[in-house]
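Asker: Below is the file run-v1.cif, which contains mmCIF, C-alpha atoms.
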data_structure
#
loop_
_atom_site.label_atom_id
_atom_site.label_comp_id
_atom_site.auth_asym_id
_atom_site.auth_seq_id
_atom_site.Cartn_x
_atom_site.Cartn_y
_atom_site.Cartn_z
CA MET C 1 -61.62 4.34 11.27
CA PRO C 2 -58.49 4.37 9.06
CA ASN C 3 -56.17 1.42 9.00
CA ALA C 4 -52.96 2.10 10.96
CA VAL C 5 -50.88 0.93 8.03
CA GLY C 6 -52.56 3.52 5.87
CA THR C 7 -51.69 6.54 8.02
CA PRO C 8 -49.41 9.06 6.29
CA ALA C 9 -46.55 8.65 8.78
CA VAL C 10 -46.42 4.88 8.40
CA ARG C 11 -46.88 4.99 4.64
CA LYS C 12 -43.88 7.30 4.27
CA GLN C 13 -41.64 4.87 6.11
CA VAL C 14 -42.98 1.82 4.25
CA GLU C 15 -42.57 3.43 0.84
CA ALA C 16 -39.02 4.51 1.66
CA LEU C 17 -37.95 0.94 2.27
CA ARG C 18 -39.68 -0.64 -0.70
CA PRO C 19 -37.63 -2.33 -3.40
CA ALA C 20 -37.07 -0.86 -6.82
CA ALA C 21 -39.62 -1.63 -9.48
CA GLY C 22 -39.12 -5.02 -11.08
CA HIS C 23 -37.45 -6.52 -8.01
CA ALA C 24 -38.84 -8.75 -5.31
CA ALA C 25 -36.97 -7.98 -2.12
CA PRO C 26 -36.21 -10.90 0.18
CA HIS C 27 -38.47 -10.98 3.21
CA ASP C 28 -38.39 -14.56 4.46
CA SER C 29 -35.75 -16.23 6.61
CA ALA C 30 -33.75 -17.39 3.57
CA GLY C 31 -33.75 -13.87 2.17
CA LEU C 32 -32.58 -12.43 5.47
CA LEU C 33 -29.84 -15.02 5.65
CA ALA C 34 -28.78 -14.09 2.12
CA VAL C 35 -28.37 -10.46 3.19
CA ALA C 36 -26.54 -11.60 6.31
CA LEU C 37 -24.05 -13.60 4.22
CA LEU C 38 -23.51 -10.60 1.97
CA CYS C 39 -22.89 -8.45 5.03
CA ALA C 40 -20.37 -10.98 6.31
CA GLY C 41 -18.58 -10.93 2.96
CA ALA C 42 -18.47 -7.13 3.03
CA PHE C 43 -17.04 -7.12 6.55
CA VAL C 44 -14.38 -9.76 5.82
CA SER C 45 -13.32 -8.00 2.63
CA ALA C 46 -12.60 -4.81 4.60
CA ARG C 47 -10.45 -6.59 7.15
CA SER C 48 -8.04 -8.61 5.05
CA GLN C 49 -7.26 -9.81 1.54
CA ASP C 50 -6.16 -13.22 2.81
CA HIS C 51 -9.60 -14.89 2.71
CA PRO C 52 -10.71 -14.79 -0.94
CA ASN C 53 -12.25 -18.26 -0.87
CA LEU C 54 -14.30 -17.43 2.23
CA CYS C 55 -15.56 -14.22 0.65
CA LEU C 56 -16.41 -16.05 -2.57
CA ALA C 57 -18.35 -18.72 -0.65
CA LEU C 58 -20.30 -16.07 1.29
CA ILE C 59 -21.19 -14.18 -1.88
CA VAL C 60 -22.26 -17.30 -3.79
CA GLY C 61 -24.28 -18.42 -0.77
CA ALA C 62 -26.03 -15.04 -0.61
CA ILE C 63 -27.07 -15.25 -4.26
CA ALA C 64 -28.22 -18.86 -3.90
CA LEU C 65 -30.30 -18.15 -0.78
CA SER C 66 -32.03 -15.18 -2.37
CA GLY C 67 -34.35 -17.68 -4.02
CA ARG C 68 -34.30 -16.05 -7.43
CA ALA C 69 -31.90 -15.55 -10.29
CA PRO C 70 -30.28 -12.11 -10.56
CA ARG C 71 -31.70 -9.83 -13.24
CA LEU C 72 -28.57 -9.36 -15.33
CA ARG C 73 -28.12 -5.97 -16.91
CA PRO C 74 -25.32 -5.18 -19.39
CA ALA C 75 -22.82 -4.23 -16.64
CA ASP C 76 -23.54 -7.49 -14.78
CA VAL C 77 -23.01 -9.53 -17.94
CA ALA C 78 -19.69 -7.76 -18.54
CA ALA C 79 -18.60 -8.45 -14.95
CA LEU C 80 -19.38 -12.16 -15.27
CA ALA C 81 -17.56 -12.24 -18.61
CA VAL C 82 -14.45 -10.88 -16.88
CA ALA C 83 -14.67 -13.65 -14.27
CA VAL C 84 -15.07 -16.37 -16.90
CA TRP C 85 -12.26 -15.00 -19.06
CA ALA C 86 -9.92 -14.92 -16.05
CA VAL C 87 -10.49 -18.66 -15.61
CA VAL C 88 -10.01 -19.28 -19.34
CA THR C 89 -6.52 -17.71 -19.18
CA ARG C 90 -5.34 -20.87 -17.40
CA MET C 91 -5.08 -22.38 -20.88
CA TRP C 92 -1.94 -20.33 -21.66
CA THR C 93 -0.55 -19.24 -18.30
CA VAL C 94 2.87 -20.19 -16.95
CA ASP C 95 1.40 -21.41 -13.65
CA GLY C 96 -2.09 -22.86 -13.51
CA ASP C 97 -2.45 -22.75 -9.72
CA THR C 98 -1.43 -19.10 -9.48
CA THR C 99 -3.80 -18.17 -12.28
CA LEU C 100 -6.66 -20.10 -10.69
CA ASP C 101 -6.17 -18.21 -7.43
CA ALA C 102 -6.11 -14.90 -9.29
CA ALA C 103 -9.16 -15.91 -11.31
CA MET C 104 -11.06 -16.54 -8.10
CA THR C 105 -10.36 -12.97 -7.01
CA TYR C 106 -11.77 -11.70 -10.31
CA ALA C 107 -14.80 -13.95 -9.79
CA SER C 108 -15.31 -12.67 -6.23
CA ALA C 109 -15.19 -9.06 -7.42
CA ALA C 110 -17.66 -9.71 -10.24
CA LEU C 111 -20.04 -11.69 -8.05
CA ILE C 112 -20.13 -9.20 -5.18
CA PHE C 113 -21.03 -6.52 -7.74
CA VAL C 114 -23.84 -8.68 -9.13
CA ALA C 115 -24.98 -9.74 -5.65
CA ILE C 116 -25.18 -6.17 -4.36
CA ARG C 117 -27.28 -5.05 -7.32
CA HIS C 118 -29.41 -8.18 -6.91
CA LEU C 119 -30.04 -8.01 -3.16
CA ALA C 120 -29.63 -4.37 -2.12
CA VAL C 121 -32.95 -3.34 -3.65
CA ARG C 122 -34.12 -1.68 -0.45
CA VAL C 123 -32.44 1.42 0.90
CA VAL C 124 -32.19 -0.21 4.31
CA THR C 125 -30.36 -3.21 2.80
CA ALA C 126 -27.86 -0.92 1.10
CA TYR C 127 -27.27 0.82 4.43
CA VAL C 128 -26.77 -2.45 6.28
CA VAL C 129 -24.35 -3.96 3.75
CA GLY C 130 -22.46 -0.69 3.39
CA GLY C 131 -22.43 -0.32 7.16
CA CYS C 132 -20.79 -3.74 7.57
CA TYR C 133 -18.02 -2.75 5.18
CA LEU C 134 -17.58 0.55 7.03
CA LEU C 135 -17.44 -1.31 10.35
CA GLY C 136 -14.58 -3.42 9.01
CA CYS C 137 -12.86 -0.24 7.81
CA VAL C 138 -13.24 1.45 11.19
CA LEU C 139 -11.77 -1.55 13.00
CA SER C 140 -8.81 -1.52 10.61
CA ALA C 141 -8.36 2.22 11.13
CA TRP C 142 -8.46 1.74 14.89
CA GLY C 143 -5.77 -0.92 14.54
CA VAL C 144 -3.59 1.63 12.72
CA VAL C 145 -4.23 4.23 15.44
CA ARG C 146 -3.36 1.72 18.17
CA ALA C 147 -0.12 0.85 16.39
CA ALA C 148 0.77 4.56 16.29
CA LEU C 149 -0.10 5.04 19.95
CA GLY C 150 2.14 2.12 20.85
CA GLY C 151 5.10 4.47 21.24
CA ASN C 152 6.33 5.07 17.70
CA LEU C 153 4.29 8.13 16.80
CA PRO C 154 6.91 10.59 18.14
CA ALA C 155 9.29 9.19 15.51
CA ARG C 156 7.43 11.29 12.95
CA SER C 157 8.85 14.77 12.57
CA ASP C 158 5.47 16.11 11.38
CA ALA C 159 2.07 14.91 10.20
CA LEU C 160 3.25 14.41 6.60
CA ASP C 161 6.48 12.65 7.54
CA LEU C 162 5.65 9.41 5.74
CA THR C 163 8.97 7.75 6.48
CA VAL C 164 7.30 6.21 9.55
CA ARG C 165 4.23 4.18 8.63
CA PHE C 166 1.70 2.32 10.73
CA GLY C 167 -0.58 -0.55 9.83
CA VAL C 168 -2.45 -3.61 11.05
CA GLU C 169 -0.29 -6.58 11.95
CA GLY C 170 -0.31 -9.21 9.22
CA VAL C 171 -2.08 -6.99 6.68
CA ASN C 172 -0.41 -5.29 3.72
CA LEU C 173 0.10 -1.56 4.38
CA ASN C 174 -1.19 -0.47 0.99
CA PHE C 175 -4.24 -2.73 1.25
CA THR C 176 -5.14 -1.12 4.58
CA ALA C 177 -4.75 2.40 3.21
CA TYR C 178 -6.76 1.71 0.06
CA THR C 179 -9.49 0.06 2.13
CA LEU C 180 -9.78 3.08 4.42
CA ALA C 181 -9.89 5.46 1.45
CA THR C 182 -12.62 3.33 -0.15
CA GLY C 183 -14.48 3.43 3.16
CA CYS C 184 -14.35 7.24 3.09
CA LEU C 185 -15.71 7.16 -0.45
CA LEU C 186 -18.56 4.82 0.51
CA ALA C 187 -19.51 6.88 3.56
CA SER C 188 -19.48 10.06 1.46
CA LEU C 189 -21.74 8.43 -1.15
CA LEU C 190 -24.21 7.18 1.46
CA LEU C 191 -24.30 10.63 3.05
CA THR C 192 -25.65 12.04 -0.22
CA VAL C 193 -28.89 10.05 0.12
CA ARG C 194 -31.52 12.69 0.73
CA GLY C 195 -34.13 12.54 3.45
CA GLN C 196 -32.04 10.54 5.91
CA HIS C 197 -32.78 10.62 9.61
CA TRP C 198 -30.23 12.69 11.52
CA ALA C 199 -29.09 9.58 13.41
CA VAL C 200 -28.25 7.81 10.16
CA ARG C 201 -26.25 10.82 9.00
CA ALA C 202 -24.36 10.88 12.28
CA LEU C 203 -23.52 7.17 12.05
CA LEU C 204 -22.22 7.65 8.51
CA ALA C 205 -20.23 10.79 9.34
CA LEU C 206 -18.59 9.48 12.51
CA PRO C 207 -16.23 7.03 10.76
CA LEU C 208 -14.83 9.68 8.40
CA PRO C 209 -12.31 11.32 10.78
CA VAL C 210 -11.23 7.91 12.09
CA LEU C 211 -10.68 6.57 8.57
CA ALA C 212 -8.87 9.73 7.47
CA CYS C 213 -6.63 9.55 10.53
CA GLY C 214 -5.84 5.92 9.70
CA VAL C 215 -4.85 6.85 6.14
CA LEU C 216 -2.60 9.66 7.38
CA LEU C 217 -0.87 7.41 9.91
CA ASN C 218 -0.52 4.64 7.33
CA GLY C 219 1.28 7.00 4.94
CA THR C 220 0.34 5.48 1.58
CA LYS C 221 0.52 8.34 -0.89
CA GLY C 222 -2.13 7.13 -3.32
CA ALA C 223 -4.69 6.88 -0.53
CA LEU C 224 -3.80 10.34 0.79
CA VAL C 225 -4.31 11.84 -2.66
CA ALA C 226 -7.65 10.02 -2.91
CA LEU C 227 -8.84 11.59 0.35
CA THR C 228 -7.83 15.02 -0.91
CA LEU C 229 -9.84 14.57 -4.09
CA ILE C 230 -13.11 13.77 -2.27
CA PRO C 231 -13.84 17.32 -0.99
CA VAL C 232 -12.39 18.85 -4.16
CA HIS C 233 -14.79 16.94 -6.38
CA LEU C 234 -17.75 17.44 -4.05
CA LEU C 235 -17.26 21.19 -4.37
CA ALA C 236 -16.66 21.13 -8.13
CA SER C 237 -19.66 18.90 -8.80
CA ARG C 238 -21.90 21.20 -6.80
CA LEU C 239 -20.88 24.13 -8.97
CA SER C 240 -21.34 22.27 -12.27
CA PRO C 241 -22.25 18.56 -12.06
CA ARG C 242 -22.28 17.91 -15.80
CA VAL C 243 -18.95 19.66 -16.46
CA ALA C 244 -17.34 17.96 -13.46
CA LEU C 245 -18.45 14.49 -14.59
CA THR C 246 -17.44 15.14 -18.21
CA THR C 247 -14.01 16.29 -17.09
CA VAL C 248 -13.51 13.31 -14.81
CA SER C 249 -14.85 10.85 -17.41
CA ILE C 250 -12.24 12.08 -19.89
CA LEU C 251 -9.24 12.66 -17.64
CA VAL C 252 -9.42 9.50 -15.51
CA PRO C 253 -9.40 6.85 -18.28
CA THR C 254 -7.04 8.91 -20.43
CA SER C 255 -4.57 9.26 -17.56
CA LEU C 256 -4.89 5.58 -16.64
CA ILE C 257 -3.83 4.74 -20.19
CA LEU C 258 -1.18 7.37 -20.91
CA VAL C 259 0.62 7.76 -17.56
CA PRO C 260 1.93 4.15 -17.31
CA LEU C 261 3.00 4.45 -20.95
CA GLY C 262 5.39 7.24 -19.97
CA LEU C 263 3.37 10.47 -20.07
CA GLY C 264 3.93 12.52 -16.92
CA ASN C 265 6.89 10.59 -15.51
CA ASP C 266 8.71 13.82 -14.67
CA PHE C 267 5.69 15.08 -12.73
CA LEU C 268 5.42 11.79 -10.82
CA ARG C 269 9.11 11.92 -9.91
CA GLN C 270 8.73 15.46 -8.57
CA PHE C 271 5.64 14.45 -6.64
CA ASP C 272 7.48 11.49 -5.16
CA ILE C 273 10.40 13.70 -4.12
CA ASN C 274 8.41 16.58 -2.66
CA PHE C 275 5.55 14.79 -0.91
CA GLY C 276 5.92 12.92 2.33
CA GLN C 277 9.70 12.78 2.84
CA ARG C 278 9.79 9.18 1.58
CA SER C 279 11.22 9.31 -1.89
CA THR C 280 12.98 6.73 -4.04
CA GLY C 281 13.00 8.93 -7.15
CA ASP C 282 11.05 6.31 -9.10
CA LEU C 283 7.72 6.19 -7.25
CA SER C 284 8.86 3.28 -5.08
CA GLY C 285 9.95 1.29 -8.13
CA ARG C 286 6.77 1.78 -10.15
CA LEU C 287 8.47 3.78 -12.87
CA LEU C 288 10.90 0.87 -13.29
CA VAL C 289 8.36 -1.96 -13.35
CA TRP C 290 5.87 -0.25 -15.69
CA PRO C 291 8.11 -0.52 -18.80
CA GLU C 292 8.68 -4.20 -18.05
CA ALA C 293 4.94 -4.73 -17.69
CA ILE C 294 4.39 -3.05 -21.06
CA ALA C 295 7.00 -5.30 -22.68
CA THR C 296 5.48 -8.44 -21.17
CA TRP C 297 1.96 -7.50 -22.22
CA SER C 298 3.14 -6.69 -25.77
CA ASP C 299 4.19 -10.32 -26.16
CA ASN C 300 0.52 -11.34 -25.98
CA VAL C 301 -1.55 -8.23 -26.48
CA PHE C 302 -4.98 -9.76 -27.02
CA LEU C 303 -4.98 -12.74 -24.63
CA GLY C 304 -2.57 -11.63 -21.90
CA ILE C 305 -0.17 -13.91 -20.10
CA GLY C 306 -2.65 -15.34 -17.59
CA ALA C 307 -4.28 -13.93 -14.47
CA GLY C 308 -1.77 -13.31 -11.69
CA SER C 309 1.22 -14.33 -13.81
CA PHE C 310 3.14 -11.07 -14.13
CA PRO C 311 4.93 -11.29 -10.74
CA LEU C 312 6.21 -14.72 -11.82
CA VAL C 313 7.86 -13.52 -15.02
CA ASN C 314 9.30 -10.07 -14.29
CA SER C 315 12.78 -9.40 -12.98
CA VAL C 316 11.78 -8.08 -9.54
CA GLY C 317 8.90 -10.44 -8.77
CA VAL C 318 6.27 -7.81 -7.98
CA GLY C 319 2.94 -6.80 -9.44
CA ALA C 320 2.57 -4.04 -12.01
CA HIS C 321 0.98 -1.62 -9.52
CA ASN C 322 -1.25 -0.10 -12.16
CA LEU C 323 -4.78 -1.00 -13.22
CA LEU C 324 -4.18 -0.92 -16.97
CA LEU C 325 -0.95 -2.92 -16.91
CA THR C 326 -2.18 -5.44 -14.35
CA VAL C 327 -5.45 -6.25 -16.12
CA GLY C 328 -3.73 -6.06 -19.51
CA ASN C 329 -1.14 -8.64 -18.52
CA ASP C 330 -3.70 -10.77 -16.70
CA LEU C 331 -6.48 -10.81 -19.27
CA GLY C 332 -5.11 -9.19 -22.43
CA LEU C 333 -6.87 -6.55 -24.46
CA LEU C 334 -10.02 -8.66 -24.76
CA GLY C 335 -10.37 -9.02 -21.01
CA LEU C 336 -9.40 -5.40 -20.44
CA LEU C 337 -12.21 -4.19 -22.71
CA ALA C 338 -14.72 -6.33 -20.81
CA TYR C 339 -13.33 -5.01 -17.53
CA ALA C 340 -13.64 -1.38 -18.67
CA ALA C 341 -17.15 -2.10 -19.94
CA VAL C 342 -18.31 -2.95 -16.41
CA PHE C 343 -17.54 0.53 -15.15
CA ALA C 344 -18.55 2.34 -18.32
CA LEU C 345 -21.94 0.59 -18.48
CA ALA C 346 -22.73 0.76 -14.76
CA LEU C 347 -21.68 4.38 -14.25
CA GLY C 348 -22.97 5.53 -17.64
CA GLU C 349 -26.44 4.10 -17.09
CA TYR C 350 -26.54 5.46 -13.56
CA ALA C 351 -25.25 8.95 -14.38
CA ARG C 352 -28.05 9.51 -16.89
CA GLN C 353 -30.66 9.32 -14.15
CA SER C 354 -30.18 12.66 -12.40
CA THR C 355 -27.82 15.46 -11.41
CA LEU C 356 -27.18 13.75 -8.08
CA ALA C 357 -26.25 10.53 -9.88
CA ARG C 358 -23.73 12.44 -12.00
CA GLN C 359 -22.15 13.90 -8.86
CA ARG C 360 -21.86 10.47 -7.27
CA ALA C 361 -20.47 8.78 -10.40
CA GLY C 362 -17.78 11.45 -10.72
CA LEU C 363 -16.88 11.13 -7.05
CA TYR C 364 -16.41 7.38 -7.43
CA LEU C 365 -14.07 7.77 -10.41
CA VAL C 366 -11.97 10.64 -9.09
CA THR C 367 -11.47 9.05 -5.66
CA LEU C 368 -10.30 5.67 -6.93
CA PHE C 369 -8.20 7.14 -9.73
CA PRO C 370 -4.90 7.58 -7.77
CA ILE C 371 -5.31 4.11 -6.27
CA TRP C 372 -5.92 2.52 -9.66
CA LEU C 373 -2.99 4.45 -11.12
CA THR C 374 -0.32 3.33 -8.64
CA GLY C 375 -1.71 0.37 -6.71
CA HIS C 376 -3.39 -3.01 -6.87
CA TRP C 377 -7.12 -2.42 -6.48
CA GLU C 378 -8.39 -4.03 -9.66
CA THR C 379 -10.15 -6.93 -7.91
CA ALA C 380 -10.67 -5.34 -4.50
CA LEU C 381 -14.10 -6.33 -3.20
CA GLY C 382 -14.47 -2.91 -1.57
CA ALA C 383 -14.22 -1.10 -4.90
CA TRP C 384 -16.70 -3.43 -6.63
CA LEU C 385 -19.03 -3.46 -3.63
CA THR C 386 -19.05 0.34 -3.63
CA LEU C 387 -19.80 0.38 -7.36
CA GLY C 388 -22.75 -1.95 -6.78
CA LEU C 389 -24.12 0.10 -3.89
CA LEU C 390 -23.60 3.34 -5.81
CA THR C 391 -25.71 2.16 -8.73
CA ALA C 392 -28.40 0.95 -6.31
CA LEU C 393 -28.69 4.22 -4.37
CA PRO C 394 -31.90 6.24 -4.81
CA ASN C 395 -31.70 9.60 -6.54
CA THR C 396 -34.61 11.14 -4.68
CA PRO C 397 -35.38 11.41 -0.95
CA VAL C 398 -35.87 8.12 0.87
CA ARG C 399 -38.69 9.78 2.78
CA VAL C 400 -41.31 12.12 1.41
CA GLY C 401 -43.78 14.58 2.77
CA ARG C 402 -47.46 14.72 1.90
CA HIS C 403 -46.90 14.36 -1.83
CA ARG C 404 -46.73 11.16 -3.79
CA ARG C 405 -43.24 9.81 -4.50
CA THR C 406 -41.69 10.77 -7.83
CA ASP C 407 -38.61 8.55 -7.70
CA PRO C 408 -38.05 7.57 -11.37
CA VAL C 409 -36.91 4.11 -10.29
CA ARG C 410 -39.91 3.46 -8.04
CA GLN C 411 -42.67 5.64 -9.44
CA ASP C 412 -44.67 2.71 -10.81
CA LEU C 413 -45.01 1.04 -7.38
CA PRO C 414 -48.60 0.61 -6.20
CA PRO C 415 -49.66 2.72 -3.20
CA ALA C 416 -49.46 1.17 0.25
CA SER C 417 -52.63 -0.51 1.50
CA GLY C 418 -54.95 1.33 3.83
CA THR C 419 -57.59 4.01 3.77
CA GLY C 420 -55.90 6.79 5.68
CA ARG C 421 -56.30 10.28 4.28
CA PRO C 422 -53.38 11.68 2.21
#
Would you mind writing the structure in this file as structure tokens?

Answerer:
Amino acid sequence: MPNAVGTPAVRKQVEALRPAAGHAAPHDSAGLLAVALLCAGAFVSARSQDHPNLCLALIVGAIALSGRAPRLRPADVAALAVAVWAVVTRMWTVDGDTTLDAAMTYASAALIFVAIRHLAVRVVTAYVVGGCYLLGCVLSAWGVVRAALGGNLPARSDALDLTVRFGVEGVNLNFTAYTLATGCLLASLLLTVRGQHWAVRALLALPLPVLACGVLLNGTKGALVALTLIPVHLLASRLSPRVALTTVSILVPTSLILVPLGLGNDFLRQFDINFGQRSTGDLSGRLLVWPEAIATWSDNVFLGIGAGSFPLVNSVGVGAHNLLLTVGNDLGLLGLLAYAAVFALALGEYARQSTLARQRAGLYLVTLFPIWLTGHWETALGAWLTLGLLTALPNTPVRVGRHRRTDPVRQDLPPASGTGRP
């Protein structure tokens, strides 16, 4: 009589949840606690940016409790190099305490990326960790909806009247919007996993309208553009995945470099004037602070002025609101190259695996592009968590039929035990 574990139905489910080759997934109480701590860090990071030390402690605890050292690949090494370099910039910063705080945010971002790729080696773990981040996003979105239903919504003349904005009390408006947009990106990426049960698809799809509604009510333009780009890229990548990824891989980094240097200022002014009825004529001061950020960075091109220091030395006391200029001022050209290497190595290695991987990599870049261009999202745990989960997602169905699995990442796994017939 065949062993129950060896029956085809059970074997399909067991194989779907197995870790990638070369990894030993946590299965004891310490391993489960490690995943739980990572889930807690994901949830907290979606709710507020005011608890960096708590998030860092949860992430470090998760790695420590895993019981094994992470297998560092080139992207992981680059991420840790960014964290270390951010701490090193205390040697020449104008304010050591400010730089240390900023360095801890860089360290948290790098470590959550490493931790995700270290621990989320089972599909179910990736779902659980991603689900905790999405839960935090949904609660934030519901807070925005509640604020709008509190009696102020009629103050908007139409849906795109962004002069009236809603948010979560005590949380930065832009942070909330960028978090919700990142949540939409993560849900969209998880929905592309093939072979999901219909209930899993429903749970991943349900947050999307809530998150999109929260972004619309919040009124942050960068996040609204990001949401628009998700369906656009999904359609384009279906028509030609390789062309879509090539286009995005060229346009996104090129624009991130050239736009803050002055290219396209006229277009940005027109966009600011014509979109959302909330115009300052200078992209809410960004077009004024970018030249100052360039001048400050040029004083120390290679080393930067110290993590988190730019708001302390510019005339208006605000951040650069641009990925290139923020990281450039924080870490200099040396740190910026290491930072860019994280994304280039992680996405480049992943995109070579399959057509589906190319579609996902392009979606990640194109969605975060408007946020990186005009906001502060360089050390956001949500963006780095999503990058880690993206590069851990399977490229083939998580469940198979009667045929043996052909997942290139897992194809060398031994068959499940049992004597049931194939």

Asker: Using all atoms listed in the file, which protein or nucleic acid residues come within 10 Å of Ala57 (chain C)? Drop anything in the same chain fewer than 3 positions from it, and give the result as an MDAnalysis selection string.

Answerer: chainID C and resid 37:38 41 52:54 60:62 108

Asker: Hey, which bits of region 82-153 of chain C sit within 7 Å of region 331-347 of chain C, and for each residue what's the closest pair of atoms and how far apart in Å (one decimal), counting all atoms listed in the file, rows by chain and increasing number, as a Markdown table?

Answerer:
| residue | atom | partner | partner_atom | distance |
| --- | --- | --- | --- | --- |
| C:Val82 | CA | C:Tyr339 | CA | 6.0 |
| C:Trp85 | CA | C:Gly335 | CA | 6.6 |
| C:Ala86 | CA | C:Leu331 | CA | 6.3 |
| C:Thr89 | CA | C:Leu331 | CA | 6.9 |

Asker: Here is a test: counting all atoms listed in the file, which residue of C:Leu287, C:Leu189, C:Ala30, C:Val248 is nearest to Gly264 (chain C)?

Answerer: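 Counting all atoms listed in the file, the residue closest to Gly264 (chain C) is C:Leu287.
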
Asker: Around the point (-2.3, 0.3, -2.9) (coordinates from the file), which residues reach within 12 Å if we count only C-alpha atoms? Answer as JSON, numbers by chain.

Answerer: {"C": [172, 173, 174, 175, 176, 177, 178, 179, 180, 181, 182, 215, 218, 219, 220, 221, 222, 223, 224, 225, 226, 284, 286, 319, 320, 321, 322, 323, 368, 369, 370, 371, 372, 373, 374, 375, 376, 377, 378, 379, 380]}

Asker: Mind pulling up the distance from CA of Thr125 (chain C) to CA of Gln196 (chain C)?

Answerer: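 For CA of Gln196 (chain C) relative to CA of Thr125 (chain C), the distance reads 14.2 Å.
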
Asker: Evaluating the PyMOL selection byres ((chain C and resi 291) around 12) on the displayed file yields which residues, as JSON, numbers by chain?

Answerer: {"C": [259, 260, 261, 262, 265, 285, 286, 287, 288, 289, 290, 292, 293, 294, 295, 296, 297, 298, 314, 315, 320, 321, 322, 325]}

Asker: Using all atoms listed in the file, give me every residue within 8 Å of (-28.8, 7.7, 3.0) in file coordinates, as a ChimeraX atom specification.

Answerer: /C:123,127,190-196,200-201,398

Asker: I'd like to see the residues matched by the PyMOL selection byres ((chain C and resi 137-143) around 10) on this file, and ideally I'd get them as a PyMOL selection string.

Answerer: chain C and resi 43-48+131-136+144-149+166-169+171+176-177+179-184+206-215+217-218+382

Asker: Could the residues in this selection be written to a file with C-alpha atoms, as a PDB file, in the frame of the given file?

Answerer:
ATOM      1  CA  PHE C  43     -17.040  -7.120   6.550  1.00  0.00           C
ATOM      2  CA  VAL C  44     -14.380  -9.760   5.820  1.00  0.00           C
ATOM      3  CA  SER C  45     -13.320  -8.000   2.630  1.00  0.00           C
ATOM      4  CA  ALA C  46     -12.600  -4.810   4.600  1.00  0.00           C
ATOM      5  CA  ARG C  47     -10.450  -6.590   7.150  1.00  0.00           C
ATOM      6  CA  SER C  48      -8.040  -8.610   5.050  1.00  0.00           C
ATOM      7  CA  GLY C 131     -22.430  -0.320   7.160  1.00  0.00           C
ATOM      8  CA  CYS C 132     -20.790  -3.740   7.570  1.00  0.00           C
ATOM      9  CA  TYR C 133     -18.020  -2.750   5.180  1.00  0.00           C
ATOM     10  CA  LEU C 134     -17.580   0.550   7.030  1.00  0.00           C
ATOM     11  CA  LEU C 135     -17.440  -1.310  10.350  1.00  0.00           C
ATOM     12  CA  GLY C 136     -14.580  -3.420   9.010  1.00  0.00           C
ATOM     13  CA  VAL C 144      -3.590   1.630  12.720  1.00  0.00           C
ATOM     14  CA  VAL C 145      -4.230   4.230  15.440  1.00  0.00           C
ATOM     15  CA  ARG C 146      -3.360   1.720  18.170  1.00  0.00           C
ATOM     16  CA  ALA C 147      -0.120   0.850  16.390  1.00  0.00           C
ATOM     17  CA  ALA C 148       0.770   4.560  16.290  1.00  0.00           C
ATOM     18  CA  LEU C 149      -0.100   5.040  19.950  1.00  0.00           C
ATOM     19  CA  PHE C 166       1.700   2.320  10.730  1.00  0.00           C
ATOM     20  CA  GLY C 167      -0.580  -0.550   9.830  1.00  0.00           C
ATOM     21  CA  VAL C 168      -2.450  -3.610  11.050  1.00  0.00           C
ATOM     22  CA  GLU C 169      -0.290  -6.580  11.950  1.00  0.00           C
ATOM     23  CA  VAL C 171      -2.080  -6.990   6.680  1.00  0.00           C
ATOM     24  CA  THR C 176      -5.140  -1.120   4.580  1.00  0.00           C
ATOM     25  CA  ALA C 177      -4.750   2.400   3.210  1.00  0.00           C
ATOM     26  CA  THR C 179      -9.490   0.060   2.130  1.00  0.00           C
ATOM     27  CA  LEU C 180      -9.780   3.080   4.420  1.00  0.00           C
ATOM     28  CA  ALA C 181      -9.890   5.460   1.450  1.00  0.00           C
ATOM     29  CA  THR C 182     -12.620   3.330  -0.150  1.00  0.00           C
ATOM     30  CA  GLY C 183     -14.480   3.430   3.160  1.00  0.00           C
ATOM     31  CA  CYS C 184     -14.350   7.240   3.090  1.00  0.00           C
ATOM     32  CA  LEU C 206     -18.590   9.480  12.510  1.00  0.00           C
ATOM     33  CA  PRO C 207     -16.230   7.030  10.760  1.00  0.00           C
ATOM     34  CA  LEU C 208     -14.830   9.680   8.400  1.00  0.00           C
ATOM     35  CA  PRO C 209     -12.310  11.320  10.780  1.00  0.00           C
ATOM     36  CA  VAL C 210     -11.230   7.910  12.090  1.00  0.00           C
ATOM     37  CA  LEU C 211     -10.680   6.570   8.570  1.00  0.00           C
ATOM     38  CA  ALA C 212      -8.870   9.730   7.470  1.00  0.00           C
ATOM     39  CA  CYS C 213      -6.630   9.550  10.530  1.00  0.00           C
ATOM     40  CA  GLY C 214      -5.840   5.920   9.700  1.00  0.00           C
ATOM     41  CA  VAL C 215      -4.850   6.850   6.140  1.00  0.00           C
ATOM     42  CA  LEU C 217      -0.870   7.410   9.910  1.00  0.00           C
ATOM     43  CA  ASN C 218      -0.520   4.640   7.330  1.00  0.00           C
ATOM     44  CA  GLY C 382     -14.470  -2.910  -1.570  1.00  0.00           C
TER      45      GLY C 382
END

Asker: Once the PyMOL selection byres ((chain C and resi 119) around 10) has been applied to the shown file, what residues remain in the selection, as a list of chain:residue names?

Answerer: C:Pro19, C:His23, C:Ala24, C:Ala25, C:Pro26, C:Gly31, C:Ala34, C:Val35, C:Leu38, C:Ala62, C:Ile63, C:Ser66, C:Pro70, C:Val114, C:Ala115, C:Ile116, C:Arg117, C:His118, C:Ala120, C:Val121, C:Arg122, C:Thr125, C:Ala126, C:Val129, C:Ala392
